[in-house]
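So this block is upload.txt, compact mmCIF, C-alpha atoms:
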```
# COMPACT_ATOMS: atom_id res chain seq x y z
CA MET A 15 48.65 226.59 116.42
CA ASP A 16 48.51 230.02 118.07
CA LYS A 17 51.42 232.29 117.22
CA LEU A 18 53.19 233.88 120.16
CA LYS A 19 55.33 237.00 120.00
CA GLY A 20 58.99 235.90 120.22
CA GLY A 21 58.43 232.67 118.28
CA GLU A 22 57.37 229.15 119.07
CA LEU A 23 57.63 228.04 122.71
CA ILE A 24 60.26 225.39 123.28
CA LEU A 25 59.94 222.97 126.19
CA LYS A 26 63.32 222.95 127.95
CA GLY A 27 62.38 220.35 130.57
CA TYR A 28 62.16 220.59 134.33
CA GLN A 29 63.63 223.55 136.16
CA ASN A 30 67.15 222.93 137.46
CA ILE A 31 67.52 223.72 141.15
CA ASP A 32 71.14 223.60 142.23
CA THR A 33 72.99 224.33 145.46
CA ASN A 34 73.42 228.00 144.49
CA TRP A 35 69.64 228.46 144.24
CA PHE A 36 69.14 226.78 147.61
CA ASP A 37 71.89 228.80 149.34
CA TYR A 38 70.64 232.06 147.80
CA ARG A 39 67.10 231.38 149.02
CA MET A 40 68.34 230.62 152.54
CA GLU A 41 70.33 233.89 152.55
CA LEU A 42 67.31 235.88 151.34
CA ILE A 43 65.05 234.50 154.05
CA GLU A 44 67.64 235.07 156.78
CA SER A 45 68.16 238.62 155.53
CA TYR A 46 64.40 239.25 155.59
CA TYR A 47 64.18 237.92 159.16
CA LYS A 48 67.08 240.17 160.27
CA GLU A 49 65.65 243.28 158.57
CA ASN A 50 62.31 242.70 160.28
CA LYS A 51 63.92 241.87 163.64
CA MET A 52 62.40 238.40 163.61
CA LYS A 53 63.85 235.42 165.44
CA ILE A 54 65.86 233.29 163.01
CA ASP A 55 65.18 229.57 163.21
CA LYS A 56 67.72 228.04 160.82
CA GLN A 57 65.99 224.64 160.90
CA GLU A 58 62.65 226.21 159.93
CA ILE A 59 64.31 228.18 157.11
CA TYR A 60 66.08 225.04 155.91
CA GLU A 61 62.84 223.00 155.89
CA ALA A 62 60.94 225.78 154.07
CA SER A 63 63.74 225.99 151.51
CA CYS A 64 63.66 222.21 150.98
CA LYS A 65 59.90 222.34 150.40
CA SER A 66 60.26 225.27 148.02
CA ALA A 67 63.05 223.52 146.09
CA GLU A 68 60.88 220.41 145.70
CA ILE A 69 58.05 222.51 144.24
CA GLU A 70 60.45 224.42 141.96
CA ARG A 71 61.85 221.15 140.58
CA GLN A 72 58.34 220.26 139.36
CA ALA A 73 58.16 223.31 137.07
CA LEU A 74 58.36 222.69 133.34
CA VAL A 75 60.28 225.48 131.61
CA TYR A 76 59.09 226.89 128.27
CA THR A 77 61.03 229.59 126.42
CA ASN A 78 61.17 231.55 123.22
CA GLN A 79 63.16 234.64 122.23
CA LEU A 80 60.97 236.94 124.36
CA PHE A 81 59.45 234.91 127.23
CA THR A 82 60.24 232.31 129.87
CA ILE A 83 57.28 230.49 131.41
CA LEU A 84 57.39 228.10 134.33
CA CYS A 85 54.43 225.72 134.44
CA TYR A 86 53.53 224.10 137.75
CA ARG A 87 50.78 221.47 137.59
CA GLY A 88 48.81 219.61 140.22
CA GLU A 89 50.48 219.68 143.63
CA GLY A 90 53.08 222.13 142.29
CA ALA A 91 50.31 224.73 141.97
CA ASP A 92 48.58 223.94 145.26
CA ASP A 93 50.19 226.76 147.29
CA LEU A 94 47.98 229.11 145.23
CA VAL A 95 44.84 226.95 145.31
CA HIS A 96 42.64 227.33 148.38
CA LEU A 97 39.53 225.31 147.49
CA PRO A 98 39.82 221.63 148.48
CA MET A 99 37.90 220.49 145.38
CA LEU A 100 40.56 222.11 143.14
CA LYS A 101 43.64 220.90 145.04
CA GLY A 102 45.92 218.85 142.80
CA LYS A 103 43.96 219.76 139.64
CA CYS A 104 45.04 223.28 138.71
CA ALA A 105 48.10 224.68 136.99
CA TYR A 106 50.05 227.83 137.65
CA LEU A 107 52.05 229.76 135.05
CA SER A 108 54.84 232.09 136.15
CA ILE A 109 55.64 234.34 133.19
CA ARG A 110 58.46 236.80 132.59
CA ARG A 111 60.04 238.59 129.70
CA ASN A 112 63.65 237.57 129.09
CA ASP A 113 64.69 241.25 128.92
CA ARG A 114 63.02 241.75 132.35
CA LYS A 115 60.71 244.49 131.04
CA SER A 116 57.22 244.54 132.49
CA ASN A 117 54.87 244.85 129.53
CA ILE A 118 53.17 241.63 128.46
CA TYR A 119 49.84 242.11 126.70
CA TRP A 120 46.84 240.14 127.94
CA HIS A 121 46.38 238.38 124.59
CA GLU A 122 49.97 237.07 124.80
CA LYS A 123 49.28 235.68 128.29
CA MET A 124 46.07 234.11 127.01
CA LYS A 125 47.99 232.46 124.14
CA MET A 126 50.51 231.07 126.63
CA VAL A 127 47.71 229.40 128.61
CA GLN A 128 46.25 227.98 125.39
CA ILE A 129 49.57 226.76 123.99
CA ILE A 130 50.79 225.14 127.21
CA LEU A 131 47.50 223.84 128.66
CA GLY A 132 44.94 223.94 125.86
CA HIS A 133 42.03 226.10 124.75
CA ASP A 134 39.62 224.83 127.42
CA TRP A 135 41.60 225.92 130.50
CA PHE A 136 40.51 229.05 132.39
CA GLY A 137 43.39 231.37 133.32
CA VAL A 138 43.00 233.85 136.17
CA GLU A 139 45.40 236.72 136.90
CA LEU A 140 44.90 238.12 140.41
CA TYR A 141 45.12 241.66 141.72
CA PRO A 142 45.06 240.99 145.46
CA PRO A 143 44.47 243.34 148.37
CA TYR A 144 47.56 245.02 149.78
CA LYS A 145 47.97 242.49 152.61
CA PHE A 146 48.42 239.64 150.07
CA MET A 147 50.47 241.53 147.49
CA VAL A 148 53.59 239.80 146.15
CA ASP A 149 55.66 242.11 143.95
CA THR A 150 59.29 241.04 143.82
CA ALA A 151 59.99 240.98 140.07
CA ASN A 152 58.56 241.89 136.68
CA GLN A 153 56.78 238.58 136.59
CA TYR A 154 53.16 237.59 136.04
CA HIS A 155 51.26 234.76 137.65
CA ILE A 156 48.26 233.01 136.13
CA ILE A 157 46.36 230.35 138.04
CA CYS A 158 44.69 227.99 135.58
CA ILE A 159 41.56 225.99 136.25
CA PRO A 160 41.03 222.72 134.36
CA PRO A 161 38.24 222.33 131.79
CA GLU A 162 35.97 220.26 134.06
CA PHE A 163 35.58 223.31 136.37
CA THR A 164 35.40 226.20 133.88
CA ASP A 165 31.63 226.12 133.33
CA ASP A 166 31.06 226.57 137.07
CA PHE A 167 33.63 229.35 137.54
CA PRO A 168 31.74 232.09 139.43
CA PHE A 169 32.97 235.06 137.33
CA GLY A 170 33.26 236.04 133.69
CA TRP A 171 31.33 235.72 130.46
CA LYS A 172 29.63 232.48 129.55
CA HIS A 173 29.67 233.09 125.80
CA ARG A 174 32.23 233.77 123.07
CA GLU A 175 32.26 237.09 121.25
CA ILE A 176 35.17 238.09 119.01
CA ASN A 177 35.48 241.27 116.96
CA THR A 178 37.18 240.06 113.77
CA GLU A 179 37.42 243.50 112.20
CA ASN A 180 40.59 245.56 112.43
CA SER A 181 39.16 248.85 113.59
CA LYS A 182 40.04 251.90 115.56
CA GLY A 183 39.31 250.48 119.01
CA GLY A 184 36.22 248.49 118.15
CA ASN A 185 33.02 250.53 118.08
CA GLY A 186 34.94 253.58 116.82
CA ARG A 187 37.70 253.83 119.47
CA ALA A 188 41.42 253.96 118.77
CA GLY A 189 43.56 250.85 119.04
CA GLN A 190 41.60 247.62 118.38
CA THR A 191 43.42 245.08 116.22
CA PHE A 192 41.99 241.60 115.68
CA ARG A 193 44.43 238.99 117.01
CA GLY A 194 42.27 235.91 117.45
CA THR A 195 40.88 233.26 115.20
CA LYS A 196 37.52 233.44 113.48
```

Write out the structure in this file as structure tokens.
Amino acid sequence: MDKLKGGELILKGYQNIDTNWFDYRMELIESYYKENKMKIDKQEIYEASCKSAEIERQALVYTNQLFTILCYRGEGADDLVHLPMLKGKCAYLSIRRNDRKSNIYWHEKMKMVQIILGHDWFGVELYPPYKFMVDTANQYHIICIPPEFTDDFPFGWKHREINTENSKGGNGRAGQTFRGTK
């Protein structure tokens, strides 16, 4: 099994969404509408909050000493999936450090995908254009594509190449440390 910084991930079960979460979300949306001088439709906000709560309840929660990961699968990930052929098939990992710091190394995120979903899933972290940017917390989002679609993914390498030597940055540069398996 892959070792993850902070210890073994423990499955805590489904995310608990209580009345406080629901009320807080309603207040946040109403506040946003007021700040942006938008017309407040309480029924619309209520319905959107109900939908959001239903999605949040589908998230499986994994934790260790350092990280909390919410895993949404199938329809729970569909808000981030825009290709009809992938609807209902993907997963989405929402990752944060428990101390709320922002630094999570890519190899730790890759291990999380592998531990939670398996070694054959393809994880994608997006850096969207400004008009689609969501930046509300020190949290990372990885959309994961199931194994039956990874060979046809339109980007990335189609071979495996691992430097198994601890070296100064690989090819003579500072910083490379082998963290994978041979």

Which polymer residues, protein or nucleic acid, are no farther than 12 Å from (70.5, 219.3, 144.0), counting all atoms listed in the file, as a PDB file with C-alpha atoms, keeping the file's coordinate frame?
```
ATOM      1  CA  GLN A  29      63.630 223.550 136.160  1.00  0.00           C
ATOM      2  CA  ASN A  30      67.150 222.930 137.460  1.00  0.00           C
ATOM      3  CA  ILE A  31      67.520 223.720 141.150  1.00  0.00           C
ATOM      4  CA  ASP A  32      71.140 223.600 142.230  1.00  0.00           C
ATOM      5  CA  THR A  33      72.990 224.330 145.460  1.00  0.00           C
ATOM      6  CA  ASN A  34      73.420 228.000 144.490  1.00  0.00           C
ATOM      7  CA  TRP A  35      69.640 228.460 144.240  1.00  0.00           C
ATOM      8  CA  PHE A  36      69.140 226.780 147.610  1.00  0.00           C
ATOM      9  CA  ASP A  37      71.890 228.800 149.340  1.00  0.00           C
ATOM     10  CA  CYS A  64      63.660 222.210 150.980  1.00  0.00           C
ATOM     11  CA  ALA A  67      63.050 223.520 146.090  1.00  0.00           C
ATOM     12  CA  GLU A  68      60.880 220.410 145.700  1.00  0.00           C
ATOM     13  CA  GLU A  70      60.450 224.420 141.960  1.00  0.00           C
ATOM     14  CA  ARG A  71      61.850 221.150 140.580  1.00  0.00           C
TER      15      ARG A  71
END
```

* Pick from A:Ala62, A:Ile43, A:Val138, A:Ala105, whichever lies nearest to Glu89 of chain A using all atoms listed in the file ->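 Using all atoms listed in the file, Glu89 of chain A sits closest to A:Ala105.
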
* Leaving out Tyr154 of chain A and any residue of its chain fewer than 4 positions from it, which residues lie within 10 Å of it when counting all atoms listed in the file, given as a list in words? ->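 Final neighbour list, sorted by chain and number: Ile83, Leu107, Ser108, Ile109, Arg110, Arg111, Ser116, Asn117, Ile118, Lys123, Glu139, Leu140 and Asp149 of chain A.
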
* Pairwise distance for atom CA of Val95 of chain A and atom CA of Thr164 of chain A, rounded to one decimal in Å ->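 Separating atom CA of Val95 of chain A from atom CA of Thr164 of chain A is a distance of 14.8 Å.
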
* Using all atoms listed in the file, what residues lie at most 12 Å away from (33.2, 229.5, 137.3) (file coordinates), given as a list of chain:residue names? ->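 With a cut-off of 12 Å, the residues come to A:Leu100, A:Trp135, A:Phe136, A:Gly137, A:Val138, A:Cys158, A:Ile159, A:Pro160, A:Pro161, A:Glu162, A:Phe163, A:Thr164, A:Asp165, A:Asp166, A:Phe167, A:Pro168, A:Phe169, A:Gly170, A:Trp171, A:Lys172.
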
* Measure the distance from atom CA of Pro142 of chain A to atom CA of Ile156 of chain A in Å and round it to one decimal. =>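 For atom CA of Pro142 of chain A relative to atom CA of Ile156 of chain A, the distance reads 12.7 Å.
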
* Asked: From the list A:Lys48, A:Arg114, A:His133, A:His121, which residue is nearest Gln153 of chain A when using only C-alpha atoms?
  ->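 Using only C-alpha atoms, the shortest distance to Gln153 of chain A belongs to A:Arg114.
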
* Quick one: everything within 12 Å of Lys26 of chain A, counting only C-alpha atoms, minus sequence neighbours fewer than 3 positions away in the same chain. Send it as a list in words. => Leu23, Gln29, Asn30, Ala73, Leu74, Val75, Tyr76, Thr77, Asn78, Thr82, Ile83, Leu84 and Cys85 of chain A

* Structure fact -> As a check of understanding: the span from atom CA of Asp92 of chain A to atom CA of Gln57 of chain A is 23.4 Å

Give the padded box for segment 121-137 of chain A as lines of an AutoDock Vina configuration file: axis-aligned, covering all atoms listed in the file, 3 Å on each side, centre and edge lengths in Å to one decimal.
```
center_x = 45.2
center_y = 231.1
center_z = 128.7
size_x = 17.2
size_y = 20.5
size_z = 15.3
```
